[in-house]
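Beneath this line is the structure, given in structure tokens, with notes to follow.
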Amino acid sequence: MKLVFLEADNLGEDMKFDRFFELGEVVVYGQTPEELIPERIADADAILINKLPMNESTLKHTKYLKYIGVTATGTNNIDFEYTNKRGIRVTNVAGYSTDVVAQHTFAMTLYLLEHLRYYDDYVKSGKYTDSDSFCHMDRKFNELSGKTWGIIGLGAIGKRVAKIAEAFGCHVIYCSPSGRNTNTEYHQVDFDTLLAQSDIVSVHTPLTEKTYHLMNYEAFCKMKKSAIFINVARGPVVDEKGLQKALHKEKIAAAGLDVLEEEPMSKDCPLRKLEESDRLLITPHIAWAAVESRTRLLDEVWMNLDAFMKGEERNVCR
């Protein structure tokens, strides 16, 4: 069997692929430009990809391809109509990053809630050394306890965030854009009610036609001016121009994003124009990427491929 990794760098340079080399011929590419996909997989039996598009254009010249392993949960980059027609097995990995994405959600929230950027800069600037007071509190902040936390998308990550929010003393409400999630443990509300009542809004929903630009300027205007917005789901759920305008006009207090409409960030991303450094926190799509979660991911990728080679179904997507 010939196995080709097309985006190995997305797993991290600290991850080891030794076990895969026992399968036969293995070719590892750190990154692959889209135009080079057909050339690199022309004679592959199996490929492992992350974000690259898998469709007729990229796959039509393959002679032996039987398997595509997605090293992620999302499969919106797969043209299933084409892969199904070709009889190409597709698998993904779910649940490997639930804990760390929830962790990152709260890291971002607390950073913004307590104005940690401002206070860190204050101390490091030397102003605290020159102060005649033991405490500097120019930026007021509040407790999470007693606040309402609104969750958009109550899947595995949303539920984990809900549990942690409860531990902080928050009242949790949620809405389900897909309409599929119902949960008697938490109070379900409609989208507009969630925006109006929540002190923190966090997004944990997949990207679909219903959720594309779900959070636009009009949506942000329905939120409390004191509210914090967090997106650790998919970048295009947020209309970045709308968010930029909402922050500039102080329609919300702050926003934390781990995902963007275009990744890496484009030079003309409207959020680059913002000067409110302690009101906007952007991390480079790292919420999922703890060492432990990436290790689990690679283990799952291996087990998916091993199951395929044994003629078994495991984490098959259609």
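Residues are referred to by chain and number: the chain letter is A, B, ... according to the order shown in the structure tokens, the number counts from 1 in that chain, and ligands are numbered separately from 1 in the order shown.
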
Which of segment 120-194 of chain A end up as strand (DSSP E) when DSSP is run on this backbone - answer as a tab-separated table (two decimals) with all heavy atoms, in the first residue's frame?
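Writing done, so here's part10.tsv:
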```tsv
chain	number	residue	atom	x	y	z
A	148	THR	N	-25.25	34.95	32.98
A	148	THR	CA	-25.89	34.01	32.06
A	148	THR	C	-24.95	33.72	30.91
A	148	THR	O	-24.46	34.62	30.25
A	148	THR	CB	-27.21	34.60	31.51
A	148	THR	OG1	-28.13	34.77	32.59
A	148	THR	CG2	-27.83	33.66	30.47
A	149	TRP	N	-24.69	32.43	30.72
A	149	TRP	CA	-23.80	31.98	29.65
A	149	TRP	C	-24.67	31.35	28.55
A	149	TRP	O	-25.34	30.35	28.77
A	149	TRP	CB	-22.80	30.95	30.18
A	149	TRP	CG	-21.69	30.64	29.22
A	149	TRP	CD1	-21.81	30.12	27.96
A	149	TRP	CD2	-20.29	30.87	29.42
A	149	TRP	NE1	-20.59	30.00	27.37
A	149	TRP	CE2	-19.63	30.45	28.25
A	149	TRP	CE3	-19.55	31.36	30.47
A	149	TRP	CZ2	-18.24	30.52	28.11
A	149	TRP	CZ3	-18.17	31.44	30.35
A	149	TRP	CH2	-17.52	31.02	29.17
A	150	GLY	N	-24.62	31.93	27.37
A	150	GLY	CA	-25.39	31.42	26.25
A	150	GLY	C	-24.53	30.61	25.30
A	150	GLY	O	-23.49	31.08	24.85
A	151	ILE	N	-24.97	29.41	24.99
A	151	ILE	CA	-24.20	28.50	24.14
A	151	ILE	C	-24.94	28.27	22.83
A	151	ILE	O	-26.10	27.86	22.83
A	151	ILE	CB	-23.97	27.16	24.86
A	151	ILE	CG1	-23.09	27.37	26.09
A	151	ILE	CG2	-23.35	26.13	23.92
A	151	ILE	CD1	-22.91	26.14	26.95
A	152	ILE	N	-24.26	28.55	21.73
A	152	ILE	CA	-24.82	28.30	20.40
A	152	ILE	C	-24.26	26.98	19.90
A	152	ILE	O	-23.10	26.88	19.53
A	152	ILE	CB	-24.47	29.44	19.43
A	152	ILE	CG1	-25.02	30.77	19.95
A	152	ILE	CG2	-25.02	29.14	18.04
A	152	ILE	CD1	-24.63	31.97	19.11
A	171	HIS	N	-25.61	30.74	35.03
A	171	HIS	CA	-26.85	30.17	34.53
A	171	HIS	C	-26.67	29.91	33.04
A	171	HIS	O	-26.29	30.82	32.29
A	171	HIS	CB	-28.01	31.14	34.77
A	171	HIS	CG	-29.27	30.76	34.05
A	171	HIS	ND1	-29.94	29.58	34.29
A	171	HIS	CD2	-29.99	31.41	33.09
A	171	HIS	CE1	-31.00	29.51	33.51
A	171	HIS	NE2	-31.07	30.60	32.78
A	172	VAL	N	-26.91	28.68	32.60
A	172	VAL	CA	-26.64	28.29	31.22
A	172	VAL	C	-27.94	28.21	30.42
A	172	VAL	O	-28.90	27.58	30.85
A	172	VAL	CB	-25.91	26.94	31.15
A	172	VAL	CG1	-25.74	26.48	29.70
A	172	VAL	CG2	-24.55	27.04	31.84
A	173	ILE	N	-27.93	28.86	29.25
A	173	ILE	CA	-29.00	28.69	28.27
A	173	ILE	C	-28.36	28.32	26.94
A	173	ILE	O	-27.16	28.53	26.75
A	173	ILE	CB	-29.87	29.96	28.12
A	173	ILE	CG1	-29.01	31.16	27.68
A	173	ILE	CG2	-30.60	30.26	29.41
A	173	ILE	CD1	-29.82	32.43	27.43
A	174	TYR	N	-29.15	27.77	26.03
A	174	TYR	CA	-28.56	27.40	24.74
A	174	TYR	C	-29.59	27.48	23.64
A	174	TYR	O	-30.81	27.48	23.88
A	174	TYR	CB	-27.97	25.98	24.80
A	174	TYR	CG	-28.98	24.86	24.66
A	174	TYR	CD1	-29.22	24.26	23.42
A	174	TYR	CD2	-29.70	24.41	25.76
A	174	TYR	CE1	-30.15	23.23	23.29
A	174	TYR	CE2	-30.62	23.38	25.64
A	174	TYR	CZ	-30.84	22.79	24.40
A	174	TYR	OH	-31.76	21.78	24.27
A	175	CYS	N	-29.08	27.57	22.41
A	175	CYS	CA	-29.94	27.42	21.23
A	175	CYS	C	-29.26	26.46	20.28
A	175	CYS	O	-28.04	26.29	20.30
A	175	CYS	CB	-30.21	28.76	20.55
A	175	CYS	SG	-28.79	29.50	19.71
A	187	HIS	N	-31.70	25.05	29.71
A	187	HIS	CA	-32.88	25.72	29.17
A	187	HIS	C	-32.62	26.14	27.73
A	187	HIS	O	-31.71	26.91	27.45
A	187	HIS	CB	-33.21	26.94	30.02
A	187	HIS	CG	-34.43	27.68	29.58
A	187	HIS	ND1	-35.63	27.06	29.32
A	187	HIS	CD2	-34.64	29.01	29.34
A	187	HIS	CE1	-36.52	27.96	28.94
A	187	HIS	NE2	-35.94	29.14	28.93
A	188	GLN	N	-33.44	25.62	26.82
A	188	GLN	CA	-33.30	25.98	25.41
A	188	GLN	C	-34.15	27.21	25.11
A	188	GLN	O	-35.30	27.31	25.52
A	188	GLN	CB	-33.73	24.82	24.50
A	188	GLN	CG	-33.53	25.11	23.03
A	188	GLN	CD	-33.79	23.89	22.15
A	188	GLN	OE1	-34.30	22.88	22.62
A	188	GLN	NE2	-33.45	23.97	20.88
```

Could you name the residues that touch Leu113 of chain A at 10 Å or less, counting only C-alpha atoms, but leaving out those on the same chain fewer than 6 positions away, as a PyMOL selection string?
chain A and resi 106-107+140-144+200+226-228+253-255+278-279

Among listed residues A:His115, A:His213, A:Lys225, A:Lys147, nearest Lys251 of chain A (using only C-alpha atoms):
A:Lys225

Per DSSP on the backbone, filter segment 54-123 of chain A down to the residues in alpha helix (DSSP H) and report them as a PyMOL selection string.
chain A and resi 56-59+80-86+98-113+116-123

Please produce, as a tab-separated table, a per-residue contact table for segment 179-283 of chain A versus segment 77-100 of chain A (criterion: any atom at most 12 Å away, only C-alpha atoms considered), showing the nearest atom pair and its distance in Å to one decimal, sorted by chain then residue number.
```
residue	atom	partner	partner_atom	distance
A:His204	CA	A:Thr98	CA	10.5
A:Leu207	CA	A:Asn77	CA	11.3
A:Val232	CA	A:Val100	CA	10.8
A:Ala233	CA	A:Thr98	CA	11.5
```

Residue neighbourhood Arg19 of chain A, 12 Å, only C-alpha atoms, exclusion window fewer than 4 positions, as number ranges by chain:
A: 15, 23-24, 26, 298-299, 301-303, 305-306

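The coordinates place atom CA of His248 of chain A at 14.8 Å from atom CA of Lys224 of chain A.
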
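Atom CA of Lys2 of chain A sits 11.0 Å away from atom CA of Glu22 of chain A.
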
Taking 2 positions as the minimum chain separation for residues in the same chain, which residues sit within 10 Å of Leu271 of chain A when counting only C-alpha atoms? Answer as a list in words.
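The neighbour list is Glu240, Lys241, Gly242, Leu243, Gln244, Lys245, Leu247, Leu260, Met265, Ser266, Lys267, Asp268, Cys269, Lys273, Leu274, Glu275, Leu280 and Ile282 of chain A.
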
For N, CA, C and O atoms, I'd like the residues from the last selection saved as an mmCIF file, in the first residue's frame.
```cif
data_model
loop_
_atom_site.group_PDB
_atom_site.id
_atom_site.type_symbol
_atom_site.label_atom_id
_atom_site.label_comp_id
_atom_site.auth_asym_id
_atom_site.auth_seq_id
_atom_site.Cartn_x
_atom_site.Cartn_y
_atom_site.Cartn_z
ATOM 1 N N GLU A 240 -17.062 39.010 9.860
ATOM 2 C CA GLU A 240 -15.993 39.775 10.501
ATOM 3 C C GLU A 240 -16.185 41.285 10.346
ATOM 4 O O GLU A 240 -15.816 42.052 11.236
ATOM 5 N N LYS A 241 -16.747 41.713 9.247
ATOM 6 C CA LYS A 241 -17.035 43.150 9.104
ATOM 7 C C LYS A 241 -18.070 43.584 10.132
ATOM 8 O O LYS A 241 -17.973 44.672 10.705
ATOM 9 N N GLY A 242 -19.054 42.728 10.345
ATOM 10 C CA GLY A 242 -20.071 43.028 11.341
ATOM 11 C C GLY A 242 -19.501 43.071 12.746
ATOM 12 O O GLY A 242 -19.861 43.940 13.548
ATOM 13 N N LEU A 243 -18.600 42.141 13.061
ATOM 14 C CA LEU A 243 -17.964 42.137 14.382
ATOM 15 C C LEU A 243 -17.091 43.362 14.562
ATOM 16 O O LEU A 243 -17.093 44.000 15.630
ATOM 17 N N GLN A 244 -16.323 43.702 13.541
ATOM 18 C CA GLN A 244 -15.471 44.892 13.620
ATOM 19 C C GLN A 244 -16.316 46.137 13.900
ATOM 20 O O GLN A 244 -15.975 46.965 14.756
ATOM 21 N N LYS A 245 -17.431 46.248 13.216
ATOM 22 C CA LYS A 245 -18.318 47.408 13.409
ATOM 23 C C LYS A 245 -18.924 47.396 14.811
ATOM 24 O O LYS A 245 -19.019 48.445 15.476
ATOM 25 N N LEU A 247 -17.703 46.046 17.570
ATOM 26 C CA LEU A 247 -16.696 46.413 18.560
ATOM 27 C C LEU A 247 -16.385 47.905 18.491
ATOM 28 O O LEU A 247 -16.259 48.585 19.520
ATOM 29 N N LEU A 260 -11.076 32.119 12.052
ATOM 30 C CA LEU A 260 -11.359 33.268 11.196
ATOM 31 C C LEU A 260 -11.963 32.810 9.879
ATOM 32 O O LEU A 260 -11.880 31.623 9.521
ATOM 33 N N MET A 265 -4.855 34.346 8.621
ATOM 34 C CA MET A 265 -5.541 35.624 8.504
ATOM 35 C C MET A 265 -5.098 36.370 7.249
ATOM 36 O O MET A 265 -3.906 36.470 6.961
ATOM 37 N N SER A 266 -6.074 36.869 6.507
ATOM 38 C CA SER A 266 -5.748 37.624 5.301
ATOM 39 C C SER A 266 -5.303 39.035 5.672
ATOM 40 O O SER A 266 -5.663 39.560 6.732
ATOM 41 N N LYS A 267 -4.524 39.630 4.799
ATOM 42 C CA LYS A 267 -4.018 40.977 5.057
ATOM 43 C C LYS A 267 -5.130 42.016 5.101
ATOM 44 O O LYS A 267 -4.978 43.064 5.727
ATOM 45 N N ASP A 268 -6.239 41.737 4.429
ATOM 46 C CA ASP A 268 -7.349 42.685 4.431
ATOM 47 C C ASP A 268 -8.466 42.282 5.392
ATOM 48 O O ASP A 268 -9.592 42.776 5.291
ATOM 49 N N CYS A 269 -8.174 41.408 6.344
ATOM 50 C CA CYS A 269 -9.158 41.044 7.365
ATOM 51 C C CYS A 269 -9.584 42.308 8.122
ATOM 52 O O CYS A 269 -8.731 43.035 8.645
ATOM 53 N N LYS A 273 -7.919 46.029 11.684
ATOM 54 C CA LYS A 273 -8.010 47.480 11.807
ATOM 55 C C LYS A 273 -8.287 47.940 13.233
ATOM 56 O O LYS A 273 -8.156 49.112 13.541
ATOM 57 N N LEU A 274 -8.701 47.004 14.066
ATOM 58 C CA LEU A 274 -9.107 47.384 15.422
ATOM 59 C C LEU A 274 -7.906 47.756 16.285
ATOM 60 O O LEU A 274 -6.865 47.117 16.259
ATOM 61 N N GLU A 275 -8.092 48.771 17.069
ATOM 62 C CA GLU A 275 -7.037 49.213 17.988
ATOM 63 C C GLU A 275 -7.354 48.835 19.430
ATOM 64 O O GLU A 275 -6.538 49.056 20.315
ATOM 65 N N LEU A 280 -10.310 42.745 21.980
ATOM 66 C CA LEU A 280 -10.335 41.715 20.945
ATOM 67 C C LEU A 280 -9.129 40.803 21.116
ATOM 68 O O LEU A 280 -7.994 41.259 21.118
ATOM 69 N N ILE A 282 -7.444 37.336 19.474
ATOM 70 C CA ILE A 282 -7.456 36.379 18.381
ATOM 71 C C ILE A 282 -6.287 35.416 18.552
ATOM 72 O O ILE A 282 -5.142 35.851 18.703
#
```

Using only C-alpha atoms, which of A:Tyr67, A:Tyr118, A:Phe220, A:Tyr186 sits nearest Cys317 of chain A?
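Of all the options, A:Tyr67 lies closest to Cys317 of chain A.
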
Would you mind telling me which residue in A:Leu52, A:Val203, A:Leu110, A:Cys135 lies nearest to Gly155 of chain A when using only C-alpha atoms?
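Closest candidate: A:Val203.
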